[in-house]
file input05.pdb (PDB, C-alpha atoms)
MODEL        1
ATOM      1  CA  MET A   1      28.335 -32.209 -23.174  1.00  0.00           C
ATOM      2  CA  GLY A   2      31.444 -34.033 -24.060  1.00  0.00           C
ATOM      3  CA  MET A   3      34.494 -33.064 -26.003  1.00  0.00           C
ATOM      4  CA  ALA A   4      34.337 -33.627 -29.750  1.00  0.00           C
ATOM      5  CA  VAL A   5      37.385 -35.478 -31.000  1.00  0.00           C
ATOM      6  CA  GLY A   6      38.326 -35.943 -34.601  1.00  0.00           C
ATOM      7  CA  ASN A   7      36.985 -34.514 -37.766  1.00  0.00           C
ATOM      8  CA  GLY A   8      34.445 -37.208 -38.371  1.00  0.00           C
ATOM      9  CA  SER A   9      36.382 -38.898 -41.191  1.00  0.00           C
ATOM     10  CA  GLY A  10      37.086 -41.991 -39.153  1.00  0.00           C
ATOM     11  CA  SER A  11      40.890 -41.930 -39.574  1.00  0.00           C
ATOM     12  CA  ASP A  12      43.200 -42.410 -36.582  1.00  0.00           C
ATOM     13  CA  ASP A  13      45.747 -39.704 -37.424  1.00  0.00           C
ATOM     14  CA  ASP A  14      46.113 -36.684 -35.094  1.00  0.00           C
ATOM     15  CA  ASP A  15      46.217 -34.076 -37.846  1.00  0.00           C
ATOM     16  CA  GLY A  16      42.471 -33.426 -37.655  1.00  0.00           C
ATOM     17  CA  TYR A  17      42.217 -33.278 -33.849  1.00  0.00           C
ATOM     18  CA  LYS A  18      40.308 -30.170 -32.805  1.00  0.00           C
ATOM     19  CA  PRO A  19      38.956 -30.104 -29.234  1.00  0.00           C
ATOM     20  CA  LEU A  20      35.632 -28.354 -28.677  1.00  0.00           C
ATOM     21  CA  ALA A  21      36.308 -25.821 -25.896  1.00  0.00           C
ATOM     22  CA  GLU A  22      32.880 -24.556 -24.799  1.00  0.00           C
ATOM     23  CA  ILE A  23      31.910 -23.915 -21.219  1.00  0.00           C
ATOM     24  CA  ASN A  24      28.499 -25.182 -20.219  1.00  0.00           C
ATOM     25  CA  VAL A  25      26.909 -22.276 -18.290  1.00  0.00           C
ATOM     26  CA  THR A  26      23.608 -23.976 -17.490  1.00  0.00           C
ATOM     27  CA  PRO A  27      24.733 -25.316 -14.081  1.00  0.00           C
ATOM     28  CA  PHE A  28      26.245 -21.909 -13.279  1.00  0.00           C
ATOM     29  CA  VAL A  29      22.930 -20.168 -14.051  1.00  0.00           C
ATOM     30  CA  ASP A  30      21.015 -22.722 -11.976  1.00  0.00           C
ATOM     31  CA  VAL A  31      23.250 -22.138  -8.960  1.00  0.00           C
ATOM     32  CA  MET A  32      22.987 -18.364  -9.303  1.00  0.00           C
ATOM     33  CA  LEU A  33      19.170 -18.503  -9.457  1.00  0.00           C
ATOM     34  CA  VAL A  34      19.032 -20.679  -6.348  1.00  0.00           C
ATOM     35  CA  LEU A  35      21.322 -18.238  -4.516  1.00  0.00           C
ATOM     36  CA  LEU A  36      19.170 -15.315  -5.651  1.00  0.00           C
ATOM     37  CA  ILE A  37      16.037 -16.965  -4.251  1.00  0.00           C
ATOM     38  CA  ILE A  38      17.807 -17.744  -0.963  1.00  0.00           C
ATOM     39  CA  PHE A  39      18.916 -14.122  -0.571  1.00  0.00           C
ATOM     40  CA  MET A  40      15.472 -12.791  -1.501  1.00  0.00           C
ATOM     41  CA  VAL A  41      13.886 -14.924   1.214  1.00  0.00           C
ATOM     42  CA  ALA A  42      16.589 -14.315   3.825  1.00  0.00           C
ATOM     43  CA  ALA A  43      17.030 -10.538   3.357  1.00  0.00           C
ATOM     44  CA  PRO A  44      13.767  -9.452   5.049  1.00  0.00           C
ATOM     45  CA  LEU A  45      14.547 -11.690   8.001  1.00  0.00           C
ATOM     46  CA  MET A  46      17.864  -9.935   8.594  1.00  0.00           C
ATOM     47  CA  VAL A  47      16.314  -6.442   8.662  1.00  0.00           C
ATOM     48  CA  GLN A  48      14.563  -6.971  12.000  1.00  0.00           C
ATOM     49  CA  GLY A  49      17.612  -5.919  13.959  1.00  0.00           C
ATOM     50  CA  VAL A  50      19.111  -7.010  17.216  1.00  0.00           C
ATOM     51  CA  PRO A  51      16.658  -8.159  19.902  1.00  0.00           C
ATOM     52  CA  LEU A  52      16.882  -5.746  22.834  1.00  0.00           C
ATOM     53  CA  GLU A  53      15.061  -5.174  26.079  1.00  0.00           C
ATOM     54  CA  LEU A  54      14.443  -1.433  26.072  1.00  0.00           C
ATOM     55  CA  PRO A  55      14.252   0.566  29.309  1.00  0.00           C
ATOM     56  CA  LYS A  56      10.939   1.899  30.545  1.00  0.00           C
ATOM     57  CA  THR A  57      10.259   5.628  30.826  1.00  0.00           C
ATOM     58  CA  THR A  58       7.544   7.955  32.041  1.00  0.00           C
ATOM     59  CA  ALA A  59       7.972  10.387  29.145  1.00  0.00           C
ATOM     60  CA  SER A  60       4.919  10.985  27.009  1.00  0.00           C
ATOM     61  CA  LYS A  61       4.712   9.814  23.429  1.00  0.00           C
ATOM     62  CA  ILE A  62       5.954  12.226  20.781  1.00  0.00           C
ATOM     63  CA  GLY A  63       2.899  12.048  18.546  1.00  0.00           C
ATOM     64  CA  SER A  64      -0.465  12.147  20.225  1.00  0.00           C
ATOM     65  CA  GLN A  65      -3.288  10.293  18.560  1.00  0.00           C
ATOM     66  CA  LYS A  66      -5.854  12.692  17.151  1.00  0.00           C
ATOM     67  CA  LYS A  67      -9.449  11.805  16.618  1.00  0.00           C
ATOM     68  CA  PRO A  68     -10.014  11.132  12.934  1.00  0.00           C
ATOM     69  CA  MET A  69     -11.746  13.884  10.995  1.00  0.00           C
ATOM     70  CA  VAL A  70     -15.033  12.300   9.940  1.00  0.00           C
ATOM     71  CA  VAL A  71     -17.809  14.228   8.205  1.00  0.00           C
ATOM     72  CA  SER A  72     -21.082  12.289   8.164  1.00  0.00           C
ATOM     73  CA  LEU A  73     -24.271  12.802   6.194  1.00  0.00           C
ATOM     74  CA  ALA A  74     -27.150  11.106   8.030  1.00  0.00           C
ATOM     75  CA  PRO A  75     -30.197   9.606   6.298  1.00  0.00           C
ATOM     76  CA  ASP A  76     -32.315  12.547   7.456  1.00  0.00           C
ATOM     77  CA  GLY A  77     -29.898  15.006   5.784  1.00  0.00           C
ATOM     78  CA  LYS A  78     -28.199  16.261   8.958  1.00  0.00           C
ATOM     79  CA  LEU A  79     -24.444  16.903   8.827  1.00  0.00           C
ATOM     80  CA  TYR A  80     -22.004  15.895  11.543  1.00  0.00           C
ATOM     81  CA  ILE A  81     -18.333  16.685  12.079  1.00  0.00           C
ATOM     82  CA  ARG A  82     -17.124  13.860  14.279  1.00  0.00           C
ATOM     83  CA  ASP A  83     -20.033  13.723  16.793  1.00  0.00           C
ATOM     84  CA  GLU A  84     -20.980  17.418  16.546  1.00  0.00           C
ATOM     85  CA  GLU A  85     -24.041  18.332  14.495  1.00  0.00           C
ATOM     86  CA  VAL A  86     -23.521  21.297  12.158  1.00  0.00           C
ATOM     87  CA  THR A  87     -25.719  23.112   9.674  1.00  0.00           C
ATOM     88  CA  ARG A  88     -24.953  23.265   5.966  1.00  0.00           C
ATOM     89  CA  ASP A  89     -24.037  26.950   6.262  1.00  0.00           C
ATOM     90  CA  SER A  90     -21.646  26.454   9.200  1.00  0.00           C
ATOM     91  CA  LEU A  91     -19.897  23.366   7.730  1.00  0.00           C
ATOM     92  CA  ILE A  92     -17.148  25.204   5.819  1.00  0.00           C
ATOM     93  CA  PRO A  93     -16.275  27.721   8.592  1.00  0.00           C
ATOM     94  CA  ARG A  94     -16.226  24.939  11.202  1.00  0.00           C
ATOM     95  CA  LEU A  95     -13.926  22.761   9.046  1.00  0.00           C
ATOM     96  CA  GLN A  96     -11.620  25.743   8.458  1.00  0.00           C
ATOM     97  CA  GLN A  97     -11.496  26.400  12.205  1.00  0.00           C
ATOM     98  CA  ILE A  98     -10.634  22.751  12.939  1.00  0.00           C
ATOM     99  CA  LYS A  99      -7.958  22.802  10.244  1.00  0.00           C
ATOM    100  CA  ALA A 100      -6.402  25.919  11.793  1.00  0.00           C
ATOM    101  CA  ASP A 101      -6.448  24.328  15.269  1.00  0.00           C
ATOM    102  CA  GLU A 102      -5.322  20.779  14.405  1.00  0.00           C
ATOM    103  CA  GLY A 103      -3.548  21.128  11.074  1.00  0.00           C
ATOM    104  CA  ASP A 104      -4.144  19.407   7.763  1.00  0.00           C
ATOM    105  CA  ALA A 105      -5.387  15.841   7.964  1.00  0.00           C
ATOM    106  CA  VAL A 106      -7.343  13.342   5.932  1.00  0.00           C
ATOM    107  CA  VAL A 107     -11.086  13.959   6.011  1.00  0.00           C
ATOM    108  CA  TYR A 108     -13.209  10.822   5.923  1.00  0.00           C
ATOM    109  CA  VAL A 109     -16.652  11.374   4.425  1.00  0.00           C
ATOM    110  CA  ARG A 110     -19.453   8.977   5.340  1.00  0.00           C
ATOM    111  CA  ALA A 111     -22.944   9.028   3.908  1.00  0.00           C
ATOM    112  CA  ASP A 112     -25.921   6.732   4.253  1.00  0.00           C
ATOM    113  CA  ARG A 113     -26.426   4.506   1.224  1.00  0.00           C
ATOM    114  CA  LYS A 114     -29.909   5.959   0.651  1.00  0.00           C
ATOM    115  CA  ILE A 115     -28.577   9.524   0.275  1.00  0.00           C
ATOM    116  CA  ALA A 116     -28.690  10.809  -3.297  1.00  0.00           C
ATOM    117  CA  TYR A 117     -25.399  10.827  -5.210  1.00  0.00           C
ATOM    118  CA  GLY A 118     -25.706  14.574  -5.866  1.00  0.00           C
ATOM    119  CA  ASP A 119     -25.918  15.331  -2.144  1.00  0.00           C
ATOM    120  CA  VAL A 120     -22.761  13.330  -1.464  1.00  0.00           C
ATOM    121  CA  MET A 121     -20.930  15.142  -4.281  1.00  0.00           C
ATOM    122  CA  GLU A 122     -22.072  18.493  -2.892  1.00  0.00           C
ATOM    123  CA  LEU A 123     -20.682  17.493   0.526  1.00  0.00           C
ATOM    124  CA  LEU A 124     -17.371  16.508  -1.065  1.00  0.00           C
ATOM    125  CA  GLY A 125     -17.234  19.896  -2.788  1.00  0.00           C
ATOM    126  CA  ARG A 126     -17.851  21.728   0.473  1.00  0.00           C
ATOM    127  CA  VAL A 127     -15.101  19.755   2.229  1.00  0.00           C
ATOM    128  CA  GLY A 128     -12.749  20.676  -0.619  1.00  0.00           C
ATOM    129  CA  GLU A 129     -13.761  24.351  -0.353  1.00  0.00           C
ATOM    130  CA  SER A 130     -12.807  24.352   3.316  1.00  0.00           C
ATOM    131  CA  GLY A 131      -9.163  23.761   2.384  1.00  0.00           C
ATOM    132  CA  TYR A 132      -8.727  20.033   2.951  1.00  0.00           C
ATOM    133  CA  ALA A 133      -6.884  18.457   0.044  1.00  0.00           C
ATOM    134  CA  ARG A 134      -7.045  14.824   1.149  1.00  0.00           C
ATOM    135  CA  VAL A 135     -10.585  13.450   1.263  1.00  0.00           C
ATOM    136  CA  SER A 136     -11.519   9.770   1.486  1.00  0.00           C
ATOM    137  CA  LEU A 137     -14.893   8.092   1.212  1.00  0.00           C
ATOM    138  CA  LEU A 138     -15.722   5.453   3.805  1.00  0.00           C
ATOM    139  CA  SER A 139     -17.699   2.333   3.054  1.00  0.00           C
ATOM    140  CA  GLN A 140     -18.581  -0.842   4.842  1.00  0.00           C
ATOM    141  CA  PRO A 141     -17.078  -4.056   3.475  1.00  0.00           C
ATOM    142  CA  SER A 142     -19.601  -6.465   2.072  1.00  0.00           C
ATOM    143  CA  PRO A 143     -19.705 -10.018   3.414  1.00  0.00           C
ATOM    144  CA  SER A 144     -17.622 -12.443   1.361  1.00  0.00           C
ATOM    145  CA  GLY A 145     -19.516 -14.122  -1.426  1.00  0.00           C
ATOM    146  CA  ALA A 146     -22.473 -11.748  -1.196  1.00  0.00           C
ATOM    147  CA  THR A 147     -23.388  -9.316  -3.941  1.00  0.00           C
ATOM    148  CA  ALA A 148     -24.497  -5.758  -3.277  1.00  0.00           C
ATOM    149  CA  ASN A 149     -28.234  -5.184  -3.519  1.00  0.00           C
ATOM    150  CA  ASN A 150     -29.831  -1.833  -4.393  1.00  0.00           C
TER     151      ASN A 150
ENDMDL
END
call {"tool": "encode", "arguments": {"input": "input05.pdb", "output": "structure tokens"}}
result
Amino acid sequence: MGMAVGNGSGSDDDDGYKPLAEINVTPFVDVMLVLLIIFMVAAPLMVQGVPLELPKTTASKIGSQKKPMVVSLAPDGKLYIRDEEVTRDSLIPRLQQIKADEGDAVVYVRADRKIAYGDVMELLGRVGESGYARVSLLSQPSPSGATANN
């Protein structure tokens, strides 16, 4: 934008001279947006920290890896906690005992796809009765582009 000079009457006298004093902020906004994008891209790269070569130690790790708590319902109706077969009556006491020994964890429930929905819901209810609050259902990912049958 330029500066408007004159009042538009076409006369050459300086009585009607009024400069237009506006600041064009469009280039300022463009520069600020470019800087914002640069900082958004560069910020995660600066978080990595200083590269160090840490000393080696023989101390054990603080957190030991526990076996995941998996409750499985086989196609023949048998129940398993991890690899241990349990009966329907001993499921809740066994889960409570494991919770007391190992603490609260996520329980992963697996069931064969041919098992009736009601049986899976009953198993979920029993896991909830045993005191576990976090329960997740496991599934197998389908191949890309394929639709689920049955």
call {"tool": "atom_distance", "arguments": {"input": "input05.pdb", "atom1": "atom CA of Glu129 of chain A", "atom2": "atom CA of Pro141 of chain A"}}
result
28.9 Å
call {"tool": "closest_residue", "arguments": {"input": "input05.pdb", "among": "A:Val34, A:Leu20, A:Ala105, A:Leu45", "to": "Lys67 of chain A", "atoms": "all atoms listed in the file"}}
result
A:Ala105
call {"tool": "resolve_selection", "arguments": {"input": "input05.pdb", "expression": "the PyMOL selection byres ((chain A and resi 124) around 10)", "output": "JSON, numbers by chain"}}
result
{"A": [71, 107, 108, 109, 118, 119, 120, 121, 122, 123, 125, 126, 127, 128, 129, 135, 136, 137]}
call {"tool": "residues_around", "arguments": {"input": "input05.pdb", "residues": "Arg88 of chain A", "least_positions_apart": "3", "cutoff": "10 Å", "atoms": "all atoms listed in the file", "output": "ChimeraX atom specification"}}
result
/A:77-80,85,91-92,123,126
call {"tool": "write_last_selection", "arguments": {"input": "input05.pdb", "atoms": "C-alpha atoms", "output": "short mmCIF file (atom, residue, chain, number, x, y, z; two decimals), in the coordinates of the input"}}
result
data_model
loop_
_atom_site.label_atom_id
_atom_site.label_comp_id
_atom_site.auth_asym_id
_atom_site.auth_seq_id
_atom_site.Cartn_x
_atom_site.Cartn_y
_atom_site.Cartn_z
CA GLY A 77 -29.90 15.01 5.78
CA LYS A 78 -28.20 16.26 8.96
CA LEU A 79 -24.44 16.90 8.83
CA TYR A 80 -22.00 15.90 11.54
CA GLU A 85 -24.04 18.33 14.50
CA LEU A 91 -19.90 23.37 7.73
CA ILE A 92 -17.15 25.20 5.82
CA LEU A 123 -20.68 17.49 0.53
CA ARG A 126 -17.85 21.73 0.47
#
call {"tool": "closest_residue", "arguments": {"input": "input05.pdb", "among": "A:Val41, A:Tyr117, A:Asp30, A:Ser130", "to": "Arg94 of chain A", "atoms": "all atoms listed in the file"}}
result
A:Ser130
call {"tool": "axis_aligned_box", "arguments": {"input": "input05.pdb", "around": "segment 86-89 of chain A", "padding_each_side": "6 Å", "output": "AutoDock Vina command-line options"}}
result
--center_x -24.6 --center_y 24.1 --center_z 9.1 --size_x 14.2 --size_y 17.7 --size_z 18.2
call {"tool": "atom_distance", "arguments": {"input": "input05.pdb", "atom1": "atom CA of Gln97 of chain A", "atom2": "atom CA of Met69 of chain A"}}
result
12.6 Å
call {"tool": "atom_distance", "arguments": {"input": "input05.pdb", "atom1": "atom CA of Ser139 of chain A", "atom2": "atom CA of Arg110 of chain A"}}
result
7.2 Å
call {"tool": "closest_residue", "arguments": {"input": "input05.pdb", "among": "A:Ala116, A:Val106, A:Val86, A:Ala74", "to": "Arg134 of chain A", "atoms": "all atoms listed in the file"}}
result
A:Val106
call {"tool": "residues_around", "arguments": {"input": "input05.pdb", "residues": "Asp104 of chain A", "least_positions_apart": "3", "cutoff": "10 Å", "atoms": "only C-alpha atoms", "output": "list in words"}}
result
Met69, Gln96, Ile98, Lys99, Ala100, Asp101, Val107, Gly131, Tyr132, Ala133 and Arg134 of chain A
call {"tool": "closest_residue", "arguments": {"input": "input05.pdb", "among": "A:Thr57, A:Pro44, A:Gln140, A:Phe28", "to": "Asp112 of chain A", "atoms": "all atoms listed in the file"}}
result
A:Gln140
